>>> print(open('protein.cif').read())   # mmCIF, C-alpha atoms
data_upload
#
loop_
_atom_site.label_atom_id
_atom_site.label_comp_id
_atom_site.auth_asym_id
_atom_site.auth_seq_id
_atom_site.Cartn_x
_atom_site.Cartn_y
_atom_site.Cartn_z
CA MET A 25 192.61 -162.91 -62.51
CA ARG A 26 190.09 -163.14 -59.68
CA VAL A 27 186.80 -161.99 -61.20
CA VAL A 28 183.34 -161.31 -59.82
CA ALA A 29 180.73 -162.33 -62.39
CA ALA A 30 177.56 -160.30 -61.90
CA MET A 31 174.79 -162.88 -62.38
CA SER A 32 171.28 -161.49 -62.83
CA GLY A 33 169.67 -164.87 -63.40
CA GLY A 34 169.38 -164.27 -67.14
CA VAL A 35 170.98 -166.07 -70.04
CA ASP A 36 173.46 -163.30 -70.89
CA SER A 37 175.15 -163.08 -67.49
CA ALA A 38 175.20 -166.88 -67.27
CA VAL A 39 177.14 -167.25 -70.52
CA ALA A 40 179.40 -164.33 -69.55
CA ALA A 41 180.35 -166.12 -66.30
CA ALA A 42 180.98 -169.37 -68.20
CA ARG A 43 183.21 -167.64 -70.73
CA MET A 44 185.27 -166.02 -68.00
CA LEU A 45 185.77 -169.43 -66.44
CA ASP A 46 186.76 -170.89 -69.83
CA ALA A 47 189.32 -168.09 -70.20
CA GLY A 48 191.12 -169.36 -67.10
CA HIS A 49 190.00 -166.80 -64.55
CA GLU A 50 189.09 -167.56 -60.95
CA VAL A 51 185.38 -166.70 -61.02
CA VAL A 52 182.88 -166.10 -58.22
CA GLY A 53 179.22 -165.48 -59.04
CA VAL A 54 177.39 -162.61 -57.36
CA HIS A 55 173.69 -161.79 -57.62
CA LEU A 56 172.70 -158.26 -56.64
CA ALA A 57 169.60 -158.03 -54.45
CA LEU A 58 168.27 -154.63 -55.49
CA SER A 59 164.67 -154.81 -54.30
CA ARG A 60 163.59 -154.46 -50.69
CA SER A 61 160.62 -156.72 -51.41
CA ALA A 62 161.49 -158.97 -54.35
CA ALA A 63 158.50 -160.82 -55.80
CA THR A 64 158.54 -164.57 -55.24
CA LEU A 65 157.94 -165.31 -58.91
CA ARG A 66 158.70 -163.50 -62.11
CA GLU A 67 155.35 -162.75 -63.78
CA SER A 68 156.62 -161.64 -67.19
CA ALA A 69 159.67 -160.58 -69.17
CA ARG A 70 159.46 -157.15 -67.56
CA GLY A 71 161.63 -156.40 -64.56
CA CYS A 72 164.33 -158.48 -62.93
CA CYS A 73 166.03 -159.14 -59.59
CA THR A 74 163.26 -161.35 -58.19
CA ILE A 75 163.78 -164.31 -55.87
CA GLU A 76 163.25 -166.53 -58.91
CA ASP A 77 166.08 -164.74 -60.72
CA ALA A 78 168.41 -165.29 -57.77
CA GLY A 79 167.53 -168.99 -57.85
CA ASP A 80 168.24 -169.18 -61.58
CA ALA A 81 171.63 -167.55 -61.05
CA ARG A 82 172.49 -169.95 -58.24
CA ARG A 83 171.64 -172.99 -60.39
CA VAL A 84 173.95 -171.74 -63.16
CA ALA A 85 176.74 -171.18 -60.63
CA ASP A 86 176.25 -174.70 -59.29
CA ARG A 87 176.48 -176.11 -62.81
CA LEU A 88 179.68 -174.16 -63.41
CA GLY A 89 181.09 -175.26 -60.07
CA ILE A 90 181.78 -171.75 -58.82
CA ALA A 91 181.04 -170.10 -55.50
CA PHE A 92 177.90 -167.98 -55.44
CA TYR A 93 176.80 -165.12 -53.19
CA VAL A 94 173.92 -162.67 -52.97
CA TRP A 95 174.98 -159.13 -52.14
CA ASP A 96 172.29 -156.86 -50.72
CA MET A 97 172.46 -153.47 -52.40
CA ALA A 98 168.79 -152.56 -52.07
CA GLU A 99 169.42 -149.47 -49.95
CA ARG A 100 172.05 -148.11 -52.35
CA PHE A 101 169.82 -148.89 -55.34
CA GLN A 102 166.87 -147.13 -53.70
CA ARG A 103 168.93 -144.00 -53.03
CA ASP A 104 171.05 -143.75 -56.16
CA VAL A 105 168.66 -145.07 -58.80
CA MET A 106 165.02 -145.09 -57.68
CA ASP A 107 165.06 -141.88 -55.63
CA ASP A 108 167.10 -140.18 -58.34
CA PHE A 109 164.54 -141.35 -60.93
CA VAL A 110 161.67 -139.79 -58.96
CA ALA A 111 163.57 -136.55 -58.32
CA GLU A 112 164.48 -136.15 -61.97
CA TYR A 113 160.90 -136.59 -63.19
CA GLN A 114 159.64 -134.24 -60.47
CA ALA A 115 162.13 -131.65 -61.77
CA GLY A 116 160.75 -131.99 -65.31
CA ARG A 117 163.58 -134.14 -66.66
CA THR A 118 163.66 -137.61 -68.24
CA PRO A 119 166.34 -139.85 -66.67
CA ASN A 120 167.78 -143.17 -67.83
CA PRO A 121 167.82 -145.45 -64.75
CA CYS A 122 169.81 -148.22 -66.49
CA LEU A 123 172.66 -145.83 -67.15
CA ARG A 124 172.50 -144.55 -63.58
CA CYS A 125 172.52 -148.14 -62.27
CA ASN A 126 175.67 -148.93 -64.24
CA GLU A 127 177.34 -145.79 -62.92
CA SER A 128 176.31 -146.05 -59.28
CA ILE A 129 175.71 -149.74 -58.63
CA LYS A 130 177.42 -152.16 -61.02
CA PHE A 131 180.61 -150.20 -61.65
CA ALA A 132 180.82 -148.28 -58.38
CA ALA A 133 179.26 -150.15 -55.45
CA LEU A 134 179.76 -153.65 -56.90
CA LEU A 135 183.23 -152.99 -58.28
CA ASP A 136 184.35 -151.18 -55.13
CA ARG A 137 183.25 -154.08 -52.93
CA ALA A 138 184.86 -156.61 -55.25
CA VAL A 139 188.21 -154.78 -55.20
CA ALA A 140 188.02 -154.39 -51.42
CA LEU A 141 187.62 -158.17 -51.14
CA GLY A 142 190.70 -158.78 -53.27
CA PHE A 143 189.14 -159.32 -56.71
CA ASP A 144 190.70 -157.83 -59.81
CA ALA A 145 187.69 -157.17 -62.02
CA VAL A 146 183.95 -157.48 -62.63
CA ALA A 147 182.39 -159.26 -65.62
CA THR A 148 178.82 -158.63 -66.79
CA GLY A 149 176.55 -159.82 -69.58
CA HIS A 150 176.39 -156.43 -71.30
CA TYR A 151 176.69 -156.39 -75.07
CA ALA A 152 179.75 -154.18 -75.63
CA GLN A 153 183.42 -154.69 -76.38
CA ILE A 154 186.64 -153.60 -74.73
CA VAL A 155 189.53 -153.14 -77.14
CA GLU A 156 193.10 -152.81 -75.89
CA ARG A 157 195.44 -150.35 -77.64
CA THR A 158 199.15 -149.82 -77.06
CA ASP A 159 200.43 -146.25 -77.43
CA ASP A 160 203.85 -145.16 -78.68
CA ALA A 161 205.25 -145.30 -75.13
CA GLY A 162 204.16 -148.92 -74.75
CA ALA A 163 201.30 -148.18 -72.34
CA VAL A 164 198.15 -150.25 -72.80
CA HIS A 165 194.81 -148.42 -72.89
CA ARG A 166 191.36 -150.03 -72.86
CA GLU A 167 188.63 -148.58 -75.06
CA LEU A 168 184.89 -149.17 -74.90
CA HIS A 169 183.34 -150.10 -78.27
CA ARG A 170 179.96 -151.08 -79.64
CA ALA A 171 179.00 -154.75 -79.70
CA VAL A 172 179.02 -156.62 -83.02
CA ASP A 173 175.26 -157.23 -82.67
CA PRO A 174 173.69 -153.81 -83.36
CA HIS A 175 170.30 -154.96 -82.12
CA LYS A 176 171.70 -155.78 -78.67
CA ASP A 177 174.44 -153.16 -78.37
CA GLN A 178 174.48 -151.68 -74.84
CA SER A 179 177.46 -149.36 -75.14
CA TYR A 180 175.07 -146.40 -74.69
CA VAL A 181 174.24 -147.34 -71.08
CA LEU A 182 177.94 -148.00 -70.38
CA GLY A 183 179.05 -144.58 -71.56
CA VAL A 184 179.42 -143.44 -67.94
CA LEU A 185 182.47 -145.65 -67.31
CA ASP A 186 185.84 -144.00 -66.85
CA ASP A 187 189.39 -145.31 -67.44
CA GLU A 188 189.76 -146.91 -64.02
CA GLN A 189 186.44 -148.74 -64.29
CA LEU A 190 187.17 -149.95 -67.82
CA ALA A 191 190.51 -151.30 -66.58
CA ARG A 192 188.58 -153.61 -64.24
CA ALA A 193 185.65 -154.54 -66.51
CA PHE A 194 185.00 -157.49 -68.82
CA PHE A 195 182.14 -157.82 -71.34
CA PRO A 196 182.58 -161.35 -72.74
CA LEU A 197 179.52 -161.26 -75.02
CA GLY A 198 180.39 -158.24 -77.15
CA ASP A 199 181.72 -160.30 -80.05
CA THR A 200 178.66 -162.55 -80.40
CA ALA A 201 175.07 -162.12 -81.59
CA LYS A 202 172.24 -162.92 -79.18
CA PRO A 203 170.91 -166.02 -81.03
CA GLN A 204 174.34 -167.64 -80.70
CA ILE A 205 174.40 -166.82 -76.97
CA ARG A 206 171.16 -168.74 -76.48
CA GLU A 207 172.54 -171.66 -78.49
CA GLU A 208 175.66 -171.65 -76.33
CA ALA A 209 173.58 -171.57 -73.15
CA ALA A 210 171.59 -174.58 -74.33
CA ALA A 211 174.78 -176.45 -75.26
CA ARG A 212 176.13 -175.79 -71.76
CA GLY A 213 172.97 -177.27 -70.28
CA PHE A 214 171.66 -174.05 -68.73
CA SER A 215 167.94 -174.38 -67.98
CA ILE A 216 167.51 -170.64 -68.63
CA ALA A 217 168.62 -170.85 -72.27
CA LYS A 218 165.13 -169.85 -73.45
CA LYS A 219 164.31 -167.49 -70.57
CA PRO A 220 162.84 -164.21 -71.91
CA ASP A 221 164.98 -161.10 -71.74
CA SER A 222 164.05 -158.50 -69.16
CA TYR A 223 163.26 -155.08 -70.56
CA ASP A 224 161.96 -151.65 -69.62
CA ILE A 225 162.59 -150.36 -66.10
CA CYS A 226 163.31 -153.19 -63.66
CA PHE A 227 161.58 -151.56 -60.68
CA ILE A 228 158.43 -150.82 -62.72
CA PRO A 229 157.60 -154.37 -63.87
CA ASP A 230 154.18 -153.47 -65.33
CA GLY A 231 155.71 -150.75 -67.53
CA ASP A 232 153.34 -148.03 -66.25
CA THR A 233 155.85 -145.29 -65.42
CA ARG A 234 153.21 -142.59 -64.92
CA GLY A 235 151.19 -144.80 -62.57
CA TRP A 236 154.31 -145.70 -60.57
CA LEU A 237 155.33 -142.04 -60.25
CA THR A 238 151.81 -141.12 -59.15
CA LYS A 239 152.09 -143.61 -56.29
CA GLN A 240 155.37 -142.00 -55.23
CA LEU A 241 154.39 -138.35 -55.63
CA GLY A 242 150.59 -138.23 -55.48
CA GLU A 243 148.38 -136.37 -57.92
CA GLN A 244 149.48 -132.80 -58.65
CA PRO A 245 146.87 -131.23 -60.98
CA GLY A 246 148.07 -128.61 -63.42
CA GLU A 247 147.52 -127.07 -66.82
CA ILE A 248 148.35 -128.23 -70.33
CA VAL A 249 149.23 -125.12 -72.33
CA ASP A 250 149.53 -124.56 -76.07
CA SER A 251 153.04 -123.19 -76.50
CA ALA A 252 152.10 -121.11 -79.56
CA SER A 253 148.98 -119.36 -78.25
CA GLY A 254 149.52 -119.58 -74.51
CA GLU A 255 146.00 -120.94 -74.11
CA VAL A 256 145.13 -123.57 -71.54
CA VAL A 257 143.86 -126.55 -73.58
CA GLY A 258 143.68 -129.25 -70.92
CA VAL A 259 144.56 -130.42 -67.45
CA HIS A 260 146.84 -133.12 -66.07
CA GLN A 261 147.35 -134.88 -62.74
CA GLY A 262 151.10 -134.40 -62.54
CA ALA A 263 153.63 -132.81 -64.89
CA TYR A 264 156.09 -135.52 -63.81
CA GLY A 265 154.09 -137.98 -65.94
CA PHE A 266 155.09 -136.33 -69.24
CA THR A 267 158.23 -136.17 -71.33
CA VAL A 268 159.29 -134.22 -74.41
CA GLY A 269 158.11 -135.84 -77.63
CA GLN A 270 155.16 -137.61 -76.00
CA ARG A 271 151.96 -137.70 -78.06
CA ARG A 272 149.76 -140.31 -76.38
CA GLY A 273 148.00 -139.87 -73.08
CA LEU A 274 147.62 -136.10 -73.26
CA GLY A 275 143.83 -136.26 -72.76
CA LEU A 276 143.18 -133.25 -75.00
CA ASP A 277 139.82 -132.13 -76.34
CA ARG A 278 140.52 -132.44 -80.05
CA SER A 279 137.52 -130.29 -80.90
CA ALA A 280 139.34 -127.30 -79.44
CA LEU A 281 142.38 -127.88 -81.67
CA ASP A 282 142.98 -128.13 -85.39
CA ALA A 283 143.54 -131.53 -86.98
CA GLU A 284 147.32 -131.41 -86.54
CA PRO A 285 148.66 -133.73 -83.77
CA ARG A 286 150.11 -132.16 -80.63
CA TYR A 287 153.21 -133.29 -78.75
CA VAL A 288 154.81 -132.41 -75.44
CA VAL A 289 157.47 -129.80 -76.23
CA GLY A 290 158.35 -128.90 -72.65
CA VAL A 291 157.69 -129.64 -68.99
CA ASP A 292 157.79 -126.59 -66.70
CA ALA A 293 158.21 -128.14 -63.26
CA PRO A 294 158.15 -124.87 -61.23
CA THR A 295 154.70 -123.96 -62.58
CA ASN A 296 153.53 -127.58 -62.95
CA ARG A 297 152.66 -126.87 -66.59
CA VAL A 298 152.97 -129.17 -69.58
CA LEU A 299 153.65 -127.35 -72.84
CA ILE A 300 152.40 -128.83 -76.10
CA GLY A 301 153.00 -127.91 -79.71
CA THR A 302 153.05 -129.17 -83.26
CA GLN A 303 155.56 -131.66 -84.60
CA ASP A 304 157.79 -129.00 -86.16
CA LEU A 305 158.61 -127.59 -82.71
CA LEU A 306 160.22 -130.85 -81.56
CA GLY A 307 163.35 -130.74 -83.70
CA VAL A 308 166.56 -129.53 -82.03
CA ASP A 309 170.17 -129.50 -83.17
CA VAL A 310 172.02 -127.90 -80.24
CA ILE A 311 172.57 -129.69 -76.92
CA ALA A 312 174.17 -128.39 -73.74
CA ALA A 313 175.03 -131.20 -71.31
CA ASP A 314 176.66 -131.54 -67.90
CA HIS A 315 178.00 -134.33 -65.65
CA ALA A 316 180.33 -135.39 -68.48
CA ARG A 317 182.09 -138.73 -68.06
CA TRP A 318 184.95 -139.60 -70.41
CA CYS A 319 186.01 -143.13 -71.41
CA GLY A 320 189.60 -141.95 -71.62
CA ALA A 321 190.97 -138.43 -71.94
CA ALA A 322 188.47 -135.62 -72.48
CA PRO A 323 188.42 -134.34 -76.06
CA SER A 324 190.42 -131.22 -76.78
CA GLY A 325 188.90 -128.45 -78.87
CA GLU A 326 186.02 -129.16 -81.21
CA VAL A 327 185.89 -132.77 -82.36
CA ARG A 328 183.85 -134.71 -84.88
CA VAL A 329 181.65 -137.37 -83.23
CA GLY A 330 178.49 -139.38 -83.55
CA ALA A 331 175.85 -138.46 -80.95
CA GLN A 332 173.17 -140.81 -79.58
CA VAL A 333 170.48 -139.58 -77.19
CA ARG A 334 168.48 -142.77 -76.55
CA ALA A 335 169.52 -146.34 -75.75
CA HIS A 336 168.09 -147.61 -79.04
CA GLY A 337 168.20 -144.35 -80.96
CA GLU A 338 170.05 -143.53 -84.13
CA GLU A 339 173.55 -142.07 -84.06
CA VAL A 340 173.67 -138.57 -85.60
CA PRO A 341 176.85 -136.90 -86.94
CA ALA A 342 177.81 -133.94 -84.77
CA TRP A 343 180.50 -131.62 -83.47
CA ALA A 344 181.29 -131.67 -79.74
CA ARG A 345 183.30 -129.27 -77.60
CA VAL A 346 184.18 -129.50 -73.93
CA ASP A 347 183.51 -126.26 -72.08
CA ASP A 348 186.63 -124.10 -71.71
CA THR A 349 186.03 -123.48 -67.99
CA ASP A 350 184.43 -126.72 -66.81
CA PRO A 351 185.44 -130.19 -68.16
CA GLU A 352 182.11 -131.62 -66.98
CA LEU A 353 180.19 -129.42 -69.45
CA VAL A 354 179.98 -130.33 -73.13
CA HIS A 355 178.34 -128.59 -76.08
CA VAL A 356 177.06 -130.66 -79.00
CA ARG A 357 175.98 -129.35 -82.41
CA LEU A 358 174.11 -131.91 -84.49
CA ASP A 359 174.25 -132.04 -88.28
CA GLU A 360 170.49 -132.47 -88.41
CA ARG A 361 167.56 -131.81 -86.13
CA ILE A 362 166.23 -134.70 -84.09
CA ARG A 363 162.98 -134.92 -82.16
CA GLY A 364 162.02 -135.83 -78.64
CA VAL A 365 165.26 -134.80 -76.92
CA ALA A 366 164.52 -134.13 -73.26
CA PRO A 367 166.58 -132.68 -70.43
CA GLY A 368 167.76 -135.52 -68.19
CA GLN A 369 168.44 -137.90 -71.06
CA SER A 370 172.05 -138.81 -71.76
CA VAL A 371 173.95 -137.93 -74.90
CA VAL A 372 176.65 -140.51 -75.63
CA LEU A 373 179.43 -139.57 -78.04
CA TYR A 374 181.14 -142.00 -80.41
CA GLU A 375 184.19 -141.98 -82.66
CA GLY A 376 183.41 -144.81 -85.05
CA THR A 377 182.49 -147.69 -82.75
CA ARG A 378 184.47 -146.27 -79.82
CA VAL A 379 182.63 -144.59 -76.95
CA VAL A 380 184.23 -141.21 -76.29
CA GLY A 381 182.05 -140.39 -73.27
CA SER A 382 178.64 -139.28 -72.11
CA ALA A 383 176.88 -136.35 -70.48
CA THR A 384 173.43 -135.53 -69.13
CA ILE A 385 171.37 -133.22 -71.32
CA ALA A 386 170.69 -129.92 -69.50
CA SER A 387 169.04 -127.96 -72.32
CA THR A 388 168.36 -128.03 -76.05
CA ALA A 389 167.92 -125.41 -78.74
CA ARG A 390 167.84 -124.76 -82.44
CA ALA A 391 170.71 -123.22 -84.33
CA ARG A 392 169.80 -119.94 -85.99
CA THR A 393 170.41 -121.35 -89.43
CA SER A 394 168.05 -123.92 -90.89
CA ALA A 395 168.97 -127.52 -90.26
CA SER A 396 169.48 -129.82 -93.19
#
>>> encode(input="protein.cif", output="structure tokens")
Amino acid sequence: MRVVAAMSGGVDSAVAAARMLDAGHEVVGVHLALSRSAATLRESARGCCTIEDAGDARRVADRLGIAFYVWDMAERFQRDVMDDFVAEYQAGRTPNPCLRCNESIKFAALLDRAVALGFDAVATGHYAQIVERTDDAGAVHRELHRAVDPHKDQSYVLGVLDDEQLARAFFPLGDTAKPQIREEAAARGFSIAKKPDSYDICFIPDGDTRGWLTKQLGEQPGEIVDSASGEVVGVHQGAYGFTVGQRRGLGLDRSALDAEPRYVVGVDAPTNRVLIGTQDLLGVDVIAADHARWCGAAPSGEVRVGAQVRAHGEEVPAWARVDDTDPELVHVRLDERIRGVAPGQSVVLYEGTRVVGSATIASTARARTSAS
């Protein structure tokens, strides 16, 4: 196969490209330029896609003896990921930009361009596995599964991939733990074998999401309201800077409250109000979600699944049902209440280690009966 290896400049994508080459594929390395003004040097483990990262990727490609290109996707990334991120927070929701990047950039824009240029597939350094199954009619189907390393598993942020995208995707690292990947990189002579992993949001390298959003949207003063009493207990400089489950950074006058901690239980964007409450108000066990994406056929009827609402969150047993009138709507009923579930987050559904699909959380509630 002719394969585009997406090379970020990190150790994972480097080893993924090498493994594809070892497997006998014709491999070309591609680095995605996602920033309109990439920093010259990488200052920390936060962020990615700097000029230094592109240089690291090029050196790996040279060592592997493969062609290497930089594809400029900064405009698409700005529109589909960064602008979407700002709009979601401004609307009172909590988005996952990594999941949106996989959906819009790496497995839409990148894959589409690769196919248009005559390539068969894209390989990335994500920690996930693709398992091929043959049905009774002899047709081969590809399933997305969790990686063997639970600490690095990235199947959650890949839950947006559909059948056609999975058919053209390779994740060569899914069967290996991260320490062994670094050992392999060192054995291959890659200078980046000990390079720190990037983490958090790549376009907010200092990790200050609220500060970054304030620069985009400006200060928008509003009220912090106690959800039980309706009393105004504080002020904020922008409701977009808060998310459900948040406890720190509320700036409350504790003398006006009892000793029990307060958390954000809701963000009312139309009124620019942040609602706070006690810990017991955070637990929900009913989720309504839209923009469903299925890694295969959509489930029929009510099915037993595991539900995960954060990239590194726990999987919770649940029942899921696709809406009778709209296949992009899904209703999830959790076996137990979980906290800090915000509209805009993604709920990814699993059957064992297999990813069934994902959807964007629109609203949450509590079942009338007590949760266990």
>>> residues_near_point(input="protein.cif", point="(179.7, -168.8, -60.3)", cutoff="6 Å", atoms="only C-alpha atoms", output="PyMOL selection string")
chain A and resi 52-53+85+90-92
>>> resolve_selection(input="protein.cif", expression="the PyMOL selection byres ((chain A and resi 302-313) around 10)", output="number ranges by chain")
A: 250-252, 268-269, 271, 284-290, 300-301, 314-316, 342-347, 352-371, 382-392, 394-395
>>> closest_residue(input="protein.cif", among="A:Leu56, A:Ala331, A:Val39, A:Ala133", to="Arg87 of chain A", atoms="all atoms listed in the file")
A:Val39
>>> resolve_selection(input="protein.cif", expression="the PyMOL selection byres ((chain A and resi 145-150) around 7)", output="ChimeraX atom specification")
/A:26-30,36-37,40,135,143-144,151-152,178,192-197
>>> write_last_selection(input="protein.cif", atoms="C-alpha atoms", output="PDB file, keeping the file's coordinate frame")
ATOM      1  CA  ARG A  26     190.090-163.140 -59.680  1.00  0.00           C
ATOM      2  CA  VAL A  27     186.800-161.990 -61.200  1.00  0.00           C
ATOM      3  CA  VAL A  28     183.340-161.310 -59.820  1.00  0.00           C
ATOM      4  CA  ALA A  29     180.730-162.330 -62.390  1.00  0.00           C
ATOM      5  CA  ALA A  30     177.560-160.300 -61.900  1.00  0.00           C
ATOM      6  CA  ASP A  36     173.460-163.300 -70.890  1.00  0.00           C
ATOM      7  CA  SER A  37     175.150-163.080 -67.490  1.00  0.00           C
ATOM      8  CA  ALA A  40     179.400-164.330 -69.550  1.00  0.00           C
ATOM      9  CA  LEU A 135     183.230-152.990 -58.280  1.00  0.00           C
ATOM     10  CA  PHE A 143     189.140-159.320 -56.710  1.00  0.00           C
ATOM     11  CA  ASP A 144     190.700-157.830 -59.810  1.00  0.00           C
ATOM     12  CA  TYR A 151     176.690-156.390 -75.070  1.00  0.00           C
ATOM     13  CA  ALA A 152     179.750-154.180 -75.630  1.00  0.00           C
ATOM     14  CA  GLN A 178     174.480-151.680 -74.840  1.00  0.00           C
ATOM     15  CA  ARG A 192     188.580-153.610 -64.240  1.00  0.00           C
ATOM     16  CA  ALA A 193     185.650-154.540 -66.510  1.00  0.00           C
ATOM     17  CA  PHE A 194     185.000-157.490 -68.820  1.00  0.00           C
ATOM     18  CA  PHE A 195     182.140-157.820 -71.340  1.00  0.00           C
ATOM     19  CA  PRO A 196     182.580-161.350 -72.740  1.00  0.00           C
ATOM     20  CA  LEU A 197     179.520-161.260 -75.020  1.00  0.00           C
TER      21      LEU A 197
END
>>> atom_distance(input="protein.cif", atom1="atom CA of Arg272 of chain A", atom2="atom CA of Tyr180 of chain A")
26.1 Å
>>> atom_distance(input="protein.cif", atom1="atom CA of Pro323 of chain A", atom2="atom CA of Ala161 of chain A")
20.1 Å
>>> axis_aligned_box(input="protein.cif", around="segment 243-262 of chain A", padding_each_side="8 Å", output="AutoDock Vina command-line options")
--center_x 148.4 --center_y -127.9 --center_z -68.7 --size_x 25.4 --size_y 33.0 --size_z 37.6
>>> closest_residue(input="protein.cif", among="A:Asp107, A:Asp187, A:Glu112, A:Glu339", to="Ala263 of chain A", atoms="only C-alpha atoms")
A:Glu112
>>> closest_residue(input="protein.cif", among="A:Thr200, A:Ser59, A:Gln153, A:Gln189", to="Trp318 of chain A", atoms="only C-alpha atoms")
A:Gln189
>>> residues_around(input="protein.cif", residues="Leu241 of chain A", least_positions_apart="6", cutoff="9 Å", atoms="all atoms listed in the file", output="PyMOL selection string")
chain A and resi 110+114+262+264
>>> write_last_selection(input="protein.cif", atoms="C-alpha atoms", output="PDB file, keeping the file's coordinate frame")
ATOM      1  CA  VAL A 110     161.670-139.790 -58.960  1.00  0.00           C
ATOM      2  CA  GLN A 114     159.640-134.240 -60.470  1.00  0.00           C
ATOM      3  CA  GLY A 262     151.100-134.400 -62.540  1.00  0.00           C
ATOM      4  CA  TYR A 264     156.090-135.520 -63.810  1.00  0.00           C
TER       5      TYR A 264
END
>>> closest_residue(input="protein.cif", among="A:Ala335, A:Val172, A:Ala98, A:Ala322", to="Asp350 of chain A", atoms="all atoms listed in the file")
A:Ala322
>>> closest_residue(input="protein.cif", among="A:Leu58, A:Cys122, A:Val291, A:Ile216", to="Val249 of chain A", atoms="only C-alpha atoms")
A:Val291
>>> closest_residue(input="protein.cif", among="A:Glu375, A:Asp159, A:Glu76, A:Asp108", to="Gln332 of chain A", atoms="all atoms listed in the file")
A:Glu375
>>> atom_distance(input="protein.cif", atom1="atom CA of Lys130 of chain A", atom2="atom CA of Ile225 of chain A")
15.8 Å
>>> resolve_selection(input="protein.cif", expression="the PyMOL selection byres ((chain A and resi 166) around 10)", output="NGL selection string")
:A and (153-158 or 164-165 or 167-169 or 187-193 or 319-320)
>>> write_last_selection(input="protein.cif", atoms="C-alpha atoms", output="PDB file, keeping the file's coordinate frame")
ATOM      1  CA  GLN A 153     183.420-154.690 -76.380  1.00  0.00           C
ATOM      2  CA  ILE A 154     186.640-153.600 -74.730  1.00  0.00           C
ATOM      3  CA  VAL A 155     189.530-153.140 -77.140  1.00  0.00           C
ATOM      4  CA  GLU A 156     193.100-152.810 -75.890  1.00  0.00           C
ATOM      5  CA  ARG A 157     195.440-150.350 -77.640  1.00  0.00           C
ATOM      6  CA  THR A 158     199.150-149.820 -77.060  1.00  0.00           C
ATOM      7  CA  VAL A 164     198.150-150.250 -72.800  1.00  0.00           C
ATOM      8  CA  HIS A 165     194.810-148.420 -72.890  1.00  0.00           C
ATOM      9  CA  GLU A 167     188.630-148.580 -75.060  1.00  0.00           C
ATOM     10  CA  LEU A 168     184.890-149.170 -74.900  1.00  0.00           C
ATOM     11  CA  HIS A 169     183.340-150.100 -78.270  1.00  0.00           C
ATOM     12  CA  ASP A 187     189.390-145.310 -67.440  1.00  0.00           C
ATOM     13  CA  GLU A 188     189.760-146.910 -64.020  1.00  0.00           C
ATOM     14  CA  GLN A 189     186.440-148.740 -64.290  1.00  0.00           C
ATOM     15  CA  LEU A 190     187.170-149.950 -67.820  1.00  0.00           C
ATOM     16  CA  ALA A 191     190.510-151.300 -66.580  1.00  0.00           C
ATOM     17  CA  ARG A 192     188.580-153.610 -64.240  1.00  0.00           C
ATOM     18  CA  ALA A 193     185.650-154.540 -66.510  1.00  0.00           C
ATOM     19  CA  CYS A 319     186.010-143.130 -71.410  1.00  0.00           C
ATOM     20  CA  GLY A 320     189.600-141.950 -71.620  1.00  0.00           C
TER      21      GLY A 320
END
